[in-house]
>>> print(open('model31.cif').read())   # mmCIF, C-alpha atoms
data_upload
loop_
_atom_site.label_atom_id
_atom_site.label_comp_id
_atom_site.auth_asym_id
_atom_site.auth_seq_id
_atom_site.Cartn_x
_atom_site.Cartn_y
_atom_site.Cartn_z
CA MET A 1291 0.00 0.00 0.00
CA ASN A 1292 1.46 3.35 -0.99
CA ILE A 1293 0.87 6.85 0.29
CA GLN A 1294 -1.32 7.78 -2.70
CA GLU A 1295 -3.68 4.89 -1.93
CA ILE A 1296 -3.84 5.97 1.71
CA ILE A 1297 -4.54 9.60 0.73
CA THR A 1298 -7.35 8.49 -1.58
CA ALA A 1299 -8.90 5.89 0.72
CA LEU A 1300 -8.89 8.09 3.83
CA GLU A 1301 -9.66 11.34 1.97
CA LEU A 1302 -6.61 13.07 3.41
CA LYS A 1303 -5.75 16.65 2.58
CA VAL A 1304 -2.28 17.06 1.06
CA ILE A 1305 -0.81 20.04 2.90
CA THR A 1306 2.69 20.06 1.41
CA GLU A 1307 3.72 19.98 -2.25
CA SER A 1308 2.52 17.08 -4.31
CA LYS A 1309 5.10 14.32 -4.80
CA ALA A 1310 5.25 10.90 -6.42
CA PHE A 1311 3.10 9.55 -3.58
CA SER A 1312 2.35 6.29 -5.36
CA GLN A 1313 6.04 5.43 -5.19
CA VAL A 1314 6.29 5.84 -1.42
CA VAL A 1315 5.39 2.76 0.61
CA PRO A 1316 5.31 3.34 4.38
CA SER A 1317 7.05 0.79 6.59
CA TYR A 1318 4.82 0.97 9.69
CA GLY A 1319 2.48 3.28 11.56
CA TYR A 1320 3.12 5.24 14.75
CA SER A 1321 1.17 7.68 16.88
CA SER A 1322 2.10 10.05 19.71
CA ASP A 1323 2.04 13.76 20.39
CA LEU A 1324 5.21 13.79 22.44
CA LEU A 1325 8.16 14.48 20.18
CA SER A 1326 10.72 12.61 22.24
CA CYS A 1327 8.52 9.53 22.19
CA VAL A 1328 8.28 9.85 18.44
CA MET A 1329 12.06 10.19 18.25
CA ALA A 1330 12.38 6.99 20.23
CA GLY A 1331 9.53 5.01 18.76
CA ALA A 1332 8.63 5.97 15.19
CA PRO A 1333 10.22 3.48 12.79
CA HIS A 1334 12.19 4.61 9.75
CA GLN A 1335 9.88 5.54 6.86
CA SER A 1336 6.74 5.04 8.90
CA ILE A 1337 3.57 7.15 8.95
CA TRP A 1338 3.18 9.29 12.06
CA VAL A 1339 -0.29 10.30 13.27
CA THR A 1340 -0.31 13.35 15.53
CA LEU A 1341 -2.33 16.29 16.74
CA GLN A 1342 0.76 18.50 16.75
CA ALA A 1343 0.98 20.95 13.88
CA HIS A 1344 3.87 23.25 14.83
CA SER A 1345 7.17 23.50 13.00
CA ASN A 1346 9.12 21.08 15.19
CA ILE A 1347 7.23 18.09 13.78
CA VAL A 1348 9.08 18.80 10.52
CA ALA A 1349 12.50 18.47 12.14
CA VAL A 1350 11.44 15.21 13.76
CA ALA A 1351 9.96 13.79 10.54
CA ALA A 1352 13.04 14.82 8.55
CA LEU A 1353 15.51 13.32 11.03
CA LEU A 1354 13.60 10.05 11.20
CA GLU A 1355 12.95 10.07 7.44
CA LEU A 1356 9.26 9.40 7.91
CA SER A 1357 7.06 8.64 4.89
CA ALA A 1358 4.35 11.08 5.97
CA VAL A 1359 2.87 12.91 8.94
CA ILE A 1360 -0.91 12.87 9.32
CA ILE A 1361 -2.10 15.86 11.34
CA THR A 1362 -5.47 15.11 12.96
CA GLU A 1363 -8.54 17.01 14.19
CA GLY A 1364 -8.11 19.67 11.54
CA ALA A 1365 -5.05 21.19 13.22
CA ALA A 1366 -3.41 23.43 10.64
CA PRO A 1367 0.33 24.05 10.40
CA ASP A 1368 1.31 27.66 9.69
CA ALA A 1369 2.87 28.81 6.42
CA ALA A 1370 6.43 28.72 7.77
CA THR A 1371 5.97 25.10 8.88
CA ILE A 1372 4.65 24.12 5.45
CA ALA A 1373 7.54 25.91 3.74
CA LYS A 1374 10.04 24.17 6.00
CA ALA A 1375 8.41 20.81 5.28
CA ASN A 1376 8.63 21.40 1.53
CA GLU A 1377 12.26 22.37 1.90
CA GLU A 1378 13.07 19.22 3.88
CA GLY A 1379 10.95 16.97 1.68
CA VAL A 1380 8.59 16.10 4.54
CA VAL A 1381 5.04 15.09 3.55
CA LEU A 1382 2.29 16.63 5.69
CA LEU A 1383 -1.27 15.32 5.35
CA GLY A 1384 -4.36 16.55 7.17
CA THR A 1385 -7.68 15.14 8.40
CA GLU A 1386 -10.62 16.34 10.47
CA LYS A 1387 -10.78 12.92 12.16
CA THR A 1388 -9.26 12.16 15.55
CA SER A 1389 -5.92 10.38 15.95
CA PHE A 1390 -7.69 7.27 17.31
CA ASN A 1391 -10.01 7.17 14.31
CA MET A 1392 -7.12 7.68 11.88
CA VAL A 1393 -5.03 4.92 13.45
CA GLY A 1394 -8.03 2.57 13.25
CA LEU A 1395 -8.57 3.33 9.59
CA LEU A 1396 -4.87 2.89 8.78
CA TRP A 1397 -4.92 -0.44 10.58
CA GLU A 1398 -7.95 -1.51 8.53
CA LEU A 1399 -6.00 -0.62 5.40
CA GLY A 1400 -3.32 -3.06 6.53
CA LEU A 1401 -0.76 -0.73 8.12
CA ARG A 1402 0.76 -2.19 11.29
CA CYS A 1403 3.06 -1.11 14.09
CA LYS A 1404 6.61 -2.36 14.25
CA PRO A 1405 6.71 -5.59 16.29
CA ALA A 1406 8.47 -5.19 19.63
CA GLU A 1407 12.08 -6.29 19.50
CA MET B 344 12.02 1.74 -1.71
CA GLY B 345 13.83 2.81 -4.85
CA GLU B 346 14.49 6.37 -5.86
CA PRO B 347 11.59 7.29 -8.11
CA SER B 348 12.61 7.92 -11.67
CA ARG B 349 12.51 11.60 -12.54
CA PHE B 350 10.51 11.04 -15.64
CA GLN B 351 8.01 8.52 -14.32
CA GLY B 352 4.47 9.61 -13.66
CA HIS B 353 3.16 13.13 -13.74
CA THR B 354 3.71 14.37 -10.22
CA ILE B 355 6.81 16.37 -9.52
CA THR B 356 9.09 14.90 -6.89
CA ASP B 357 11.31 16.99 -4.64
CA LYS B 358 14.25 15.97 -6.73
CA ASP B 359 12.50 17.33 -9.82
CA ALA B 360 11.60 20.52 -8.02
CA GLU B 361 15.24 20.92 -7.06
CA ASN B 362 16.32 20.47 -10.65
CA ILE B 363 13.66 22.78 -12.00
CA THR B 364 14.89 25.49 -9.71
CA ARG B 365 18.43 24.85 -10.86
CA VAL B 366 17.33 24.99 -14.50
CA GLU B 367 15.64 28.30 -13.82
CA GLU B 368 18.76 29.56 -12.11
CA LEU B 369 20.83 28.44 -15.06
CA ALA B 370 18.54 30.29 -17.45
CA TYR B 371 19.56 33.45 -15.63
CA GLU B 372 23.22 32.52 -15.08
CA LEU B 373 24.12 31.20 -18.52
CA LYS B 374 24.94 33.79 -21.16
CA ILE B 375 23.55 33.36 -24.63
CA ASP B 376 27.01 33.22 -26.23
CA ALA B 377 27.82 30.19 -24.08
CA VAL B 378 25.07 28.08 -25.64
CA MET B 379 24.56 29.59 -29.14
CA THR B 380 25.90 28.13 -32.37
CA ARG B 381 28.86 30.19 -33.54
CA ASN B 382 29.68 31.00 -37.16
CA PRO B 383 26.35 29.80 -38.48
CA ALA B 384 25.88 29.25 -42.19
CA THR B 385 24.57 32.47 -43.74
CA VAL B 386 23.10 33.51 -47.06
CA ALA B 387 23.02 36.79 -48.99
CA PRO B 388 19.79 38.51 -50.11
CA ASP B 389 20.57 37.55 -53.71
CA THR B 390 21.31 33.88 -52.98
CA THR B 391 18.69 31.80 -54.79
CA MET B 392 16.14 29.83 -52.83
CA CYS B 393 17.45 26.74 -54.61
CA ASP B 394 20.96 27.29 -53.20
CA THR B 395 19.41 27.95 -49.80
CA LEU B 396 17.58 24.64 -49.95
CA ASN B 397 20.86 22.85 -50.66
CA LEU B 398 22.60 24.72 -47.86
CA PHE B 399 19.88 23.66 -45.38
CA ARG B 400 20.09 20.09 -46.59
CA GLN B 401 23.89 19.87 -46.42
CA ASN B 402 24.17 21.52 -43.01
CA ARG B 403 21.01 19.91 -41.62
CA ILE B 404 19.70 23.29 -40.49
CA SER B 405 16.27 24.80 -40.63
CA GLY B 406 17.13 28.49 -40.79
CA ALA B 407 19.91 30.94 -41.63
CA PRO B 408 20.63 34.64 -41.13
CA VAL B 409 20.70 36.79 -44.25
CA ILE B 410 23.77 39.05 -44.39
CA LEU B 411 24.50 42.04 -46.63
CA ASN B 412 27.83 43.90 -46.19
CA ASN B 413 28.38 42.37 -42.77
CA THR B 414 24.97 43.55 -41.62
CA LEU B 415 22.12 41.31 -40.65
CA VAL B 416 19.18 42.13 -42.91
CA GLY B 417 16.85 39.18 -42.45
CA ILE B 418 16.36 35.56 -41.60
CA ILE B 419 15.31 32.75 -43.88
CA SER B 420 13.72 29.61 -42.48
CA ILE B 421 12.44 26.25 -43.64
CA GLU B 422 8.89 27.65 -43.45
CA ASP B 423 9.86 30.29 -46.04
CA LEU B 424 11.34 27.52 -48.19
CA ILE B 425 8.09 25.55 -48.01
CA ARG B 426 6.09 28.60 -49.15
CA CYS B 427 8.55 28.98 -52.03
CA LEU B 428 8.33 25.29 -52.96
CA GLN B 429 4.51 25.47 -53.01
CA LYS B 430 4.81 28.22 -55.62
CA ASN B 431 7.51 26.31 -57.48
CA ASP B 432 9.66 29.42 -57.29
CA LEU B 433 13.13 28.10 -56.33
CA SER B 434 14.95 30.43 -58.70
CA SER B 435 13.85 33.52 -56.78
CA PRO B 436 16.32 35.27 -54.48
CA VAL B 437 16.23 34.92 -50.71
CA SER B 438 15.14 38.57 -50.37
CA THR B 439 11.68 37.68 -51.76
CA TYR B 440 10.90 35.18 -49.00
CA MET B 441 13.07 36.16 -46.04
CA SER B 442 11.59 37.70 -42.95
CA SER B 443 13.07 41.11 -42.29
CA LYS B 444 11.05 41.74 -39.16
CA LEU B 445 13.90 40.80 -36.89
CA LEU B 446 14.03 39.84 -33.25
CA THR B 447 17.62 39.69 -32.06
CA VAL B 448 19.44 39.04 -28.81
CA HIS B 449 22.93 39.88 -27.61
CA GLY B 450 25.61 37.36 -26.69
CA VAL B 451 26.08 38.91 -23.26
CA ASP B 452 22.38 38.60 -22.40
CA PRO B 453 21.24 35.75 -20.17
CA VAL B 454 19.57 32.74 -21.78
CA ILE B 455 16.29 33.71 -20.11
CA ASP B 456 15.99 36.71 -22.49
CA ALA B 457 16.07 34.38 -25.50
CA LEU B 458 13.59 32.03 -23.79
CA LYS B 459 11.19 34.92 -23.20
CA LEU B 460 11.37 35.90 -26.88
CA PHE B 461 10.76 32.30 -27.96
CA VAL B 462 7.69 32.20 -25.75
CA SER B 463 6.28 35.58 -26.83
CA SER B 464 6.94 35.10 -30.56
CA ASP B 465 6.57 32.03 -32.73
CA TYR B 466 10.19 32.26 -33.93
CA GLY B 467 12.26 29.10 -33.88
CA ARG B 468 15.66 30.80 -34.00
CA LEU B 469 17.11 34.16 -33.04
CA PRO B 470 20.20 35.83 -34.47
CA VAL B 471 22.74 36.73 -31.78
CA LEU B 472 24.66 40.00 -32.12
CA ASP B 473 27.95 41.01 -30.55
CA GLU B 474 28.64 44.36 -28.88
CA ASN B 475 29.09 45.99 -32.34
CA ASN B 476 25.76 44.59 -33.52
CA ILE B 477 27.56 42.22 -35.88
CA LEU B 478 26.16 38.70 -36.18
CA ALA B 479 27.98 36.44 -33.72
CA GLY B 480 25.82 33.35 -33.87
CA ILE B 481 22.35 31.93 -33.85
CA ILE B 482 20.35 30.44 -31.02
CA THR B 483 17.53 27.88 -31.09
CA LYS B 484 15.48 26.27 -28.31
CA GLY B 485 17.57 23.17 -28.94
CA ASP B 486 20.78 25.10 -28.23
CA ILE B 487 19.30 26.24 -24.92
CA THR B 488 18.22 22.73 -23.95
CA SER B 489 21.60 21.19 -24.67
CA GLY B 490 23.45 24.13 -23.07
CA ILE B 491 21.46 23.78 -19.86
CA LEU B 492 21.85 20.01 -19.88
CA LYS B 493 25.60 20.37 -20.17
CA ALA B 494 25.67 22.89 -17.32
CA LEU B 495 23.50 20.61 -15.16
CA GLN B 496 25.84 17.73 -15.80
CA LYS B 497 28.75 19.91 -14.78
CA ASP B 498 26.86 20.82 -11.59
CA TYR B 499 26.15 17.18 -10.86
CA HIS B 500 29.76 16.38 -11.45
CA ALA B 501 30.83 19.19 -9.12
CA GLU B 502 28.61 17.78 -6.32
CA GLU B 503 30.13 14.34 -6.90
CA VAL B 504 33.60 15.84 -6.64
CA ARG B 505 32.65 17.71 -3.44
CA ARG B 506 31.26 14.56 -1.92
CA TYR B 507 34.31 12.61 -2.99
CA ARG B 508 36.66 15.23 -1.58
CA ALA B 509 34.79 15.44 1.73
CA SER B 510 34.68 11.68 2.07
CA HIS B 511 38.46 11.57 1.63
CA LEU B 512 39.07 14.54 3.89
CA PHE B 513 41.44 12.84 6.30
CA GLU B 514 43.08 10.52 3.86
CA ASP B 515 45.45 13.03 2.31
CA ILE B 516 46.22 15.02 5.42
CA GLU B 517 49.08 13.66 7.42
CA SER B 518 48.97 14.14 11.13
CA ASP B 519 49.07 11.89 14.15
CA ARG B 520 45.43 12.63 14.73
CA SER B 521 43.23 14.66 12.37
CA SER B 522 39.76 15.87 13.22
CA LEU B 523 37.11 18.19 11.93
CA ILE B 524 35.29 20.43 14.40
CA LEU B 525 31.82 21.87 13.76
CA ARG B 526 30.29 24.44 16.11
CA TYR B 527 26.71 25.60 16.36
CA ASN B 528 25.36 28.37 18.58
CA ILE B 529 21.85 27.63 19.77
CA LYS B 530 19.58 30.43 20.97
CA GLN B 531 17.26 30.00 23.91
CA GLY B 532 13.59 29.91 22.90
CA ASP B 533 14.35 29.68 19.18
CA PHE B 534 11.76 27.00 18.39
CA VAL B 535 11.56 28.13 14.79
CA ARG B 536 15.14 27.07 14.10
CA GLY B 537 14.78 23.98 16.29
CA GLY B 538 16.41 21.03 14.54
CA ALA B 539 18.46 23.18 12.16
CA ALA B 540 21.80 22.29 13.75
CA SER B 541 21.03 18.57 13.94
CA SER B 542 19.95 18.56 10.29
CA ALA B 543 23.14 20.36 9.28
CA ILE B 544 25.31 17.91 11.23
CA LYS B 545 23.48 14.94 9.74
CA ARG B 546 24.07 16.32 6.23
CA ALA B 547 27.75 16.98 6.95
CA LEU B 548 28.22 13.41 8.19
CA LEU B 549 26.60 11.95 5.09
CA ARG B 550 28.90 14.04 2.92
CA LEU B 551 31.88 12.83 4.89
CA GLY B 552 30.88 9.30 4.00
CA ALA B 553 29.12 8.23 7.22
CA THR B 554 26.57 5.43 6.89
CA PRO B 555 22.91 6.55 6.98
CA GLN B 556 22.51 4.70 10.31
CA ILE B 557 25.36 6.61 11.96
CA ALA B 558 24.10 9.91 10.51
CA ARG B 559 20.58 9.24 11.83
CA ARG B 560 21.77 8.18 15.30
CA THR B 561 23.92 11.29 15.59
CA GLY B 562 21.08 13.44 14.25
CA ILE B 563 18.58 12.17 16.83
CA ALA B 564 21.01 12.58 19.75
CA ILE B 565 21.90 16.10 18.70
CA TYR B 566 18.26 17.03 18.04
CA GLU B 567 17.33 16.19 21.63
CA ALA B 568 20.30 18.13 22.98
CA GLU B 569 19.53 21.05 20.68
CA MET B 570 15.92 21.18 21.91
CA ASN B 571 17.15 21.00 25.52
CA LEU B 572 19.27 24.10 24.87
CA ILE B 573 16.29 25.86 23.29
CA ILE B 574 13.83 24.86 26.04
CA HIS B 575 15.77 24.81 29.28
CA THR B 576 18.75 27.18 29.15
CA THR B 577 19.00 30.79 30.25
CA ASN B 578 21.14 32.05 27.36
CA GLY B 579 21.21 29.14 24.92
CA GLY B 580 24.40 27.19 24.42
CA VAL B 581 26.91 25.68 22.05
CA ILE B 582 27.03 22.35 20.26
CA ARG B 583 30.52 21.27 19.28
CA VAL B 584 30.97 18.21 17.15
CA GLU B 585 34.40 16.75 16.59
CA ILE B 586 34.55 14.28 13.76
CA GLU B 587 37.41 11.82 13.51
CA PRO B 588 37.67 8.77 11.28
CA HIS B 589 37.01 6.44 14.19
CA GLN B 590 34.60 8.45 16.36
CA ILE B 591 32.27 11.40 16.70
CA SER B 592 32.59 13.38 19.92
CA ILE B 593 29.84 15.80 20.79
CA ASN B 594 29.99 18.41 23.47
CA ILE B 595 26.91 20.43 24.41
CA SER B 596 27.38 23.17 26.94
CA ASP B 597 25.47 26.07 28.38
CA ASP B 598 25.88 28.60 31.17
CA GLY B 599 22.73 27.96 33.11
CA PRO B 600 20.55 27.40 34.92
CA GLY B 601 21.98 23.91 35.46
CA ILE B 602 20.16 20.76 36.46
CA GLU B 603 19.01 20.58 40.07
CA ASN B 604 18.98 16.80 40.26
CA VAL B 605 20.94 15.01 37.55
CA GLU B 606 19.82 11.55 38.66
CA LEU B 607 16.18 12.57 38.43
CA ALA B 608 16.74 14.24 35.07
CA LEU B 609 18.01 10.95 33.67
CA ARG B 610 14.90 9.07 34.79
CA PRO B 611 12.58 8.24 31.87
CA GLY B 612 9.45 10.39 31.99
CA TYR B 613 10.84 12.99 34.37
CA SER B 614 10.51 16.51 33.01
CA THR B 615 10.69 20.07 34.25
CA ALA B 616 9.19 21.50 31.07
CA THR B 617 6.58 24.22 31.44
CA GLU B 618 2.97 23.78 30.39
CA THR B 619 3.51 25.95 27.28
CA VAL B 620 6.43 23.83 26.13
CA ARG B 621 4.49 20.64 26.83
CA GLU B 622 1.71 21.87 24.59
CA LEU B 623 4.26 21.89 21.78
CA GLY B 624 4.84 18.21 22.41
CA PHE B 625 8.09 18.53 24.32
CA GLY B 626 8.68 17.62 27.91
CA ALA B 627 8.02 13.89 27.59
CA GLY B 628 10.98 13.39 29.88
CA MET B 629 12.59 11.22 27.25
CA GLY B 630 15.23 13.55 25.81
CA LEU B 631 18.26 12.36 27.74
CA VAL B 632 16.99 8.78 27.59
CA ASN B 633 16.84 9.05 23.80
CA ILE B 634 20.31 10.51 23.65
CA GLN B 635 21.69 7.68 25.75
CA ARG B 636 20.07 5.17 23.42
CA CYS B 637 21.77 6.69 20.36
CA VAL B 638 25.32 7.09 21.61
CA ASP B 639 28.08 4.81 22.85
CA SER B 640 28.91 6.90 25.86
CA MET B 641 27.28 9.82 27.62
CA ARG B 642 28.51 11.99 30.47
CA LEU B 643 26.27 14.59 32.00
CA GLU B 644 27.76 17.13 34.37
CA SER B 645 25.78 19.97 35.79
CA VAL B 646 26.22 22.52 38.51
CA TYR B 647 22.92 24.01 39.60
CA GLY B 648 23.12 27.74 39.12
CA LYS B 649 26.14 27.48 36.83
CA GLY B 650 25.47 25.38 33.78
CA THR B 651 25.44 21.99 32.13
CA ASN B 652 27.89 20.04 30.06
CA LEU B 653 26.88 16.96 28.11
CA ARG B 654 29.54 14.87 26.45
CA LEU B 655 28.61 12.21 23.94
CA LYS B 656 30.62 9.77 21.93
CA ILE B 657 29.67 7.68 18.95
CA LEU B 658 32.27 5.10 18.01
CA LEU B 659 32.67 4.11 14.40
CA GLN B 660 33.47 0.60 13.31
CA LYS B 661 36.08 0.21 10.61
CA GLU B 662 33.42 -0.06 7.90
CA GLU B 663 31.62 3.02 9.25
CA SER B 664 34.73 5.19 9.27
CA VAL B 665 34.31 8.70 7.89
CA GLY B 666 36.60 10.91 5.85
CA GLU B 667 38.94 8.13 4.80
CA GLY B 668 37.32 7.30 1.53
CA SER B 669 35.23 4.45 2.86
CA THR B 670 32.25 3.69 0.67
CA PRO B 671 29.09 4.14 2.71
CA ASN B 672 26.54 1.35 2.50
CA LYS B 673 23.83 2.64 0.25
CA GLU B 674 20.57 2.51 2.12
CA ASN B 675 17.27 1.56 0.46
#
>>> encode(input="model31.cif", output="structure tokens")
Amino acid sequence: MNIQEIITALELKVITESKAFSQVVPSYGYSSDLLSCVMAGAPHQSIWVTLQAHSNIVAVAALLELSAVIITEGAAPDAATIAKANEEGVVLLGTEKTSFNMVGLLWELGLRCKPAE
Amino acid sequence: MGEPSRFQGHTITDKDAENITRVEELAYELKIDAVMTRNPATVAPDTTMCDTLNLFRQNRISGAPVILNNTLVGIISIEDLIRCLQKNDLSSPVSTYMSSKLLTVHGVDPVIDALKLFVSSDYGRLPVLDENNILAGIITKGDITSGILKALQKDYHAEEVRRYRASHLFEDIESDRSSLILRYNIKQGDFVRGGAASSAIKRALLRLGATPQIARRTGIAIYEAEMNLIIHTTNGGVIRVEIEPHQISINISDDGPGIENVELALRPGYSTATETVRELGFGAGMGLVNIQRCVDSMRLESVYGKGTNLRLKILLQKEESVGEGSTPNKEN
């Protein structure tokens, strides 16, 4: 399942510049609003579901090389955050749904969490 | 996950966007005389259309400037030849069919000027004049495309050379112990630039030939330390990274306020972050824990009221060595 299929199936809003989404296949899913937890727990190239919409999510997503960040409950990043994300090649997607709902839908689509080591 | 091909699909990838910007830049940087065709074949007003046809055929061209006494007086193109052929009028002189409504450019002008003229007119070629308004060459869209391609290739080559040089940084320098030191000043409260230093360090390491794993580990450790400086210090602090072929030593220091209880600070989940900072998603009490996880050794010293010093070390295995021309494992 690639990012384009996820965007279409879950009717996500593409906040950052359009990319070759159909060529990006996320590894796993992850959700938390605490950045240090994300740093510790989000697997490489995974999709991160969060309520946070401020510019530091971009730094985190870029460092971890995440496939995409889904920002929930309609939280909207500001223009500077979007610009920074485009610069770093970070994909930001948006939804009005809650994080719990989004995680459930992603799971239904077949996305899983990384098994504990 | 393979690197998507630049020409696959219709969406523009970041890589494409990067190149488009570079192409645009080049359109402004490159001068017309760097991409034009010099000494183009020319005809005189009294050359017959028949001779012109042969000239086009022999030189595989589709247009030529018309010159009289060293002065450009017109341009004759394959379209004019077709009109002439339809009338079966090949014995006529060029002057009957040439276009004398001329659009010209100068050799010293940037390529973008020619591109603008191509877009605003339906001309396929433009005569290029020198500073004395004497014909110096001719430029077509094809000349621009191949000129920009060549320049892009040169750029690409230059980046390869830079990367190669950086990855062999220590190899050619003789000393008993060589190292590269990077310093970053971090401002207190500067959330907007949060992560800038760690990103820069990660990029530098990749250029030096570090494996993606090492670059990511270092990036995460430094990100946490960088955010600590932004969130908790009085006046910000300094990140100093010393890169050696066999290890990366990181020193993060500030001049206050210092940590009241170091043991407590190291406990997972313990945080002194304010409510405002927590709302931004910081203050999970995992920063130092994360750092510890990413490095091979960590020493935290703090004097409450004075300041904090955090020393980290990441050891590199032989195959992870940086700056000595090691080939990094290609990820993905």
>>> closest_atom_pairs(input="model31.cif", of="region 485-522 of chain B", to="region 543-553 of chain B", cutoff="10 Å", atoms="all atoms listed in the file", output="tab-separated table")
residue	atom	partner	partner_atom	distance
B:Glu502	CA	B:Arg550	CA	10.0
B:Glu503	CA	B:Arg550	CA	9.9
B:Arg505	CA	B:Arg550	CA	8.2
B:Arg506	CA	B:Arg550	CA	5.4
B:Tyr507	CA	B:Arg550	CA	8.1
B:Arg508	CA	B:Leu551	CA	8.4
B:Ala509	CA	B:Leu551	CA	5.0
B:Ser510	CA	B:Leu551	CA	4.1
B:His511	CA	B:Leu551	CA	7.5
B:Leu512	CA	B:Leu551	CA	7.5
B:Phe513	CA	B:Leu551	CA	9.7
>>> interface_residues(input="model31.cif", of="chain A", to="chain B", cutoff="6 Å", atoms="all atoms listed in the file", output="PyMOL selection string")
chain A and resi 1309-1310+1323-1326+1349
>>> residues_near_point(input="model31.cif", point="(-11.0, 14.3, 9.3)", cutoff="12 Å", atoms="all atoms listed in the file", output="list in words")
Ile1297, Leu1300, Glu1301, Leu1302, Lys1303, Leu1341, Ile1360, Ile1361, Thr1362, Glu1363, Gly1364, Ala1365, Ala1366, Leu1383, Gly1384, Thr1385, Glu1386, Lys1387, Thr1388, Ser1389, Phe1390, Asn1391, Met1392, Val1393 and Leu1395 of chain A
>>> residues_near_point(input="model31.cif", point="(36.3, 10.3, 9.7)", cutoff="6 Å", atoms="only C-alpha atoms", output="PyMOL selection string")
chain B and resi 586-589+664-667
>>> closest_residue(input="model31.cif", among="B:Ile565, B:Ile595, B:Val646, B:Ile455", to="Met1329 (chain A)", atoms="only C-alpha atoms")
B:Ile565
>>> closest_residue(input="model31.cif", among="A:Leu1356, A:Ile1372, A:Val1348, A:Glu1398", to="Pro1316 (chain A)", atoms="only C-alpha atoms")
A:Leu1356
>>> closest_residue(input="model31.cif", among="A:Ala1352, A:Ala1358, A:Leu1399, A:Ala1375", to="Ile1293 (chain A)", atoms="all atoms listed in the file")
A:Ala1358
>>> resolve_selection(input="model31.cif", expression="the PyMOL selection byres ((chain A and resi 1401-1407) around 12)", output="count of residues only")
30
>>> resolve_selection(input="model31.cif", expression="the PyMOL selection byres ((chain B and resi 528) around 12)", output="PDB file with C-alpha atoms, in the coordinates of the input")
ATOM      1  CA  LEU B 525      31.820  21.870  13.760  1.00  0.00           C
ATOM      2  CA  ARG B 526      30.290  24.440  16.110  1.00  0.00           C
ATOM      3  CA  TYR B 527      26.710  25.600  16.360  1.00  0.00           C
ATOM      4  CA  ILE B 529      21.850  27.630  19.770  1.00  0.00           C
ATOM      5  CA  LYS B 530      19.580  30.430  20.970  1.00  0.00           C
ATOM      6  CA  GLN B 531      17.260  30.000  23.910  1.00  0.00           C
ATOM      7  CA  ASP B 533      14.350  29.680  19.180  1.00  0.00           C
ATOM      8  CA  ARG B 536      15.140  27.070  14.100  1.00  0.00           C
ATOM      9  CA  GLY B 537      14.780  23.980  16.290  1.00  0.00           C
ATOM     10  CA  ALA B 539      18.460  23.180  12.160  1.00  0.00           C
ATOM     11  CA  ALA B 540      21.800  22.290  13.750  1.00  0.00           C
ATOM     12  CA  SER B 541      21.030  18.570  13.940  1.00  0.00           C
ATOM     13  CA  GLU B 569      19.530  21.050  20.680  1.00  0.00           C
ATOM     14  CA  LEU B 572      19.270  24.100  24.870  1.00  0.00           C
ATOM     15  CA  ILE B 573      16.290  25.860  23.290  1.00  0.00           C
ATOM     16  CA  ASN B 578      21.140  32.050  27.360  1.00  0.00           C
ATOM     17  CA  GLY B 579      21.210  29.140  24.920  1.00  0.00           C
ATOM     18  CA  GLY B 580      24.400  27.190  24.420  1.00  0.00           C
ATOM     19  CA  VAL B 581      26.910  25.680  22.050  1.00  0.00           C
ATOM     20  CA  ILE B 582      27.030  22.350  20.260  1.00  0.00           C
ATOM     21  CA  ARG B 583      30.520  21.270  19.280  1.00  0.00           C
ATOM     22  CA  VAL B 584      30.970  18.210  17.150  1.00  0.00           C
ATOM     23  CA  ILE B 595      26.910  20.430  24.410  1.00  0.00           C
ATOM     24  CA  SER B 596      27.380  23.170  26.940  1.00  0.00           C
ATOM     25  CA  ASP B 597      25.470  26.070  28.380  1.00  0.00           C
TER      26      ASP B 597
END
>>> axis_aligned_box(input="model31.cif", around="region 596-601 of chain B", padding_each_side="6 Å", output="lines of an AutoDock Vina configuration file")
center_x = 24.0
center_y = 25.9
center_z = 31.2
size_x = 18.8
size_y = 17.4
size_z = 20.5
>>> resolve_selection(input="model31.cif", expression="the PyMOL selection byres ((chain B and resi 452-454) around 12)", output="ChimeraX atom specification")
/B:366-379,447-451,455-461,469,471-474,482-484,486-488,490-491
>>> closest_residue(input="model31.cif", among="A:Gln1342, A:Ser1322, A:Ser1308, A:Ile1347", to="Lys1374 (chain A)", atoms="only C-alpha atoms")
A:Ile1347
>>> atom_distance(input="model31.cif", atom1="CA of Gln635 (chain B)", atom2="CA of Glu585 (chain B)")
18.1 Å
>>> residues_around(input="model31.cif", residues="Arg426 (chain B)", least_positions_apart="3", cutoff="12 Å", atoms="only C-alpha atoms", output="PDB file with C-alpha atoms, in the frame of the given file")
ATOM      1  CA  MET B 392      16.140  29.830 -52.830  1.00  0.00           C
ATOM      2  CA  ILE B 419      15.310  32.750 -43.880  1.00  0.00           C
ATOM      3  CA  SER B 420      13.720  29.610 -42.480  1.00  0.00           C
ATOM      4  CA  ILE B 421      12.440  26.250 -43.640  1.00  0.00           C
ATOM      5  CA  GLU B 422       8.890  27.650 -43.450  1.00  0.00           C
ATOM      6  CA  ASP B 423       9.860  30.290 -46.040  1.00  0.00           C
ATOM      7  CA  GLN B 429       4.510  25.470 -53.010  1.00  0.00           C
ATOM      8  CA  LYS B 430       4.810  28.220 -55.620  1.00  0.00           C
ATOM      9  CA  ASN B 431       7.510  26.310 -57.480  1.00  0.00           C
ATOM     10  CA  ASP B 432       9.660  29.420 -57.290  1.00  0.00           C
ATOM     11  CA  LEU B 433      13.130  28.100 -56.330  1.00  0.00           C
ATOM     12  CA  SER B 435      13.850  33.520 -56.780  1.00  0.00           C
ATOM     13  CA  THR B 439      11.680  37.680 -51.760  1.00  0.00           C
ATOM     14  CA  TYR B 440      10.900  35.180 -49.000  1.00  0.00           C
ATOM     15  CA  MET B 441      13.070  36.160 -46.040  1.00  0.00           C
TER      16      MET B 441
END
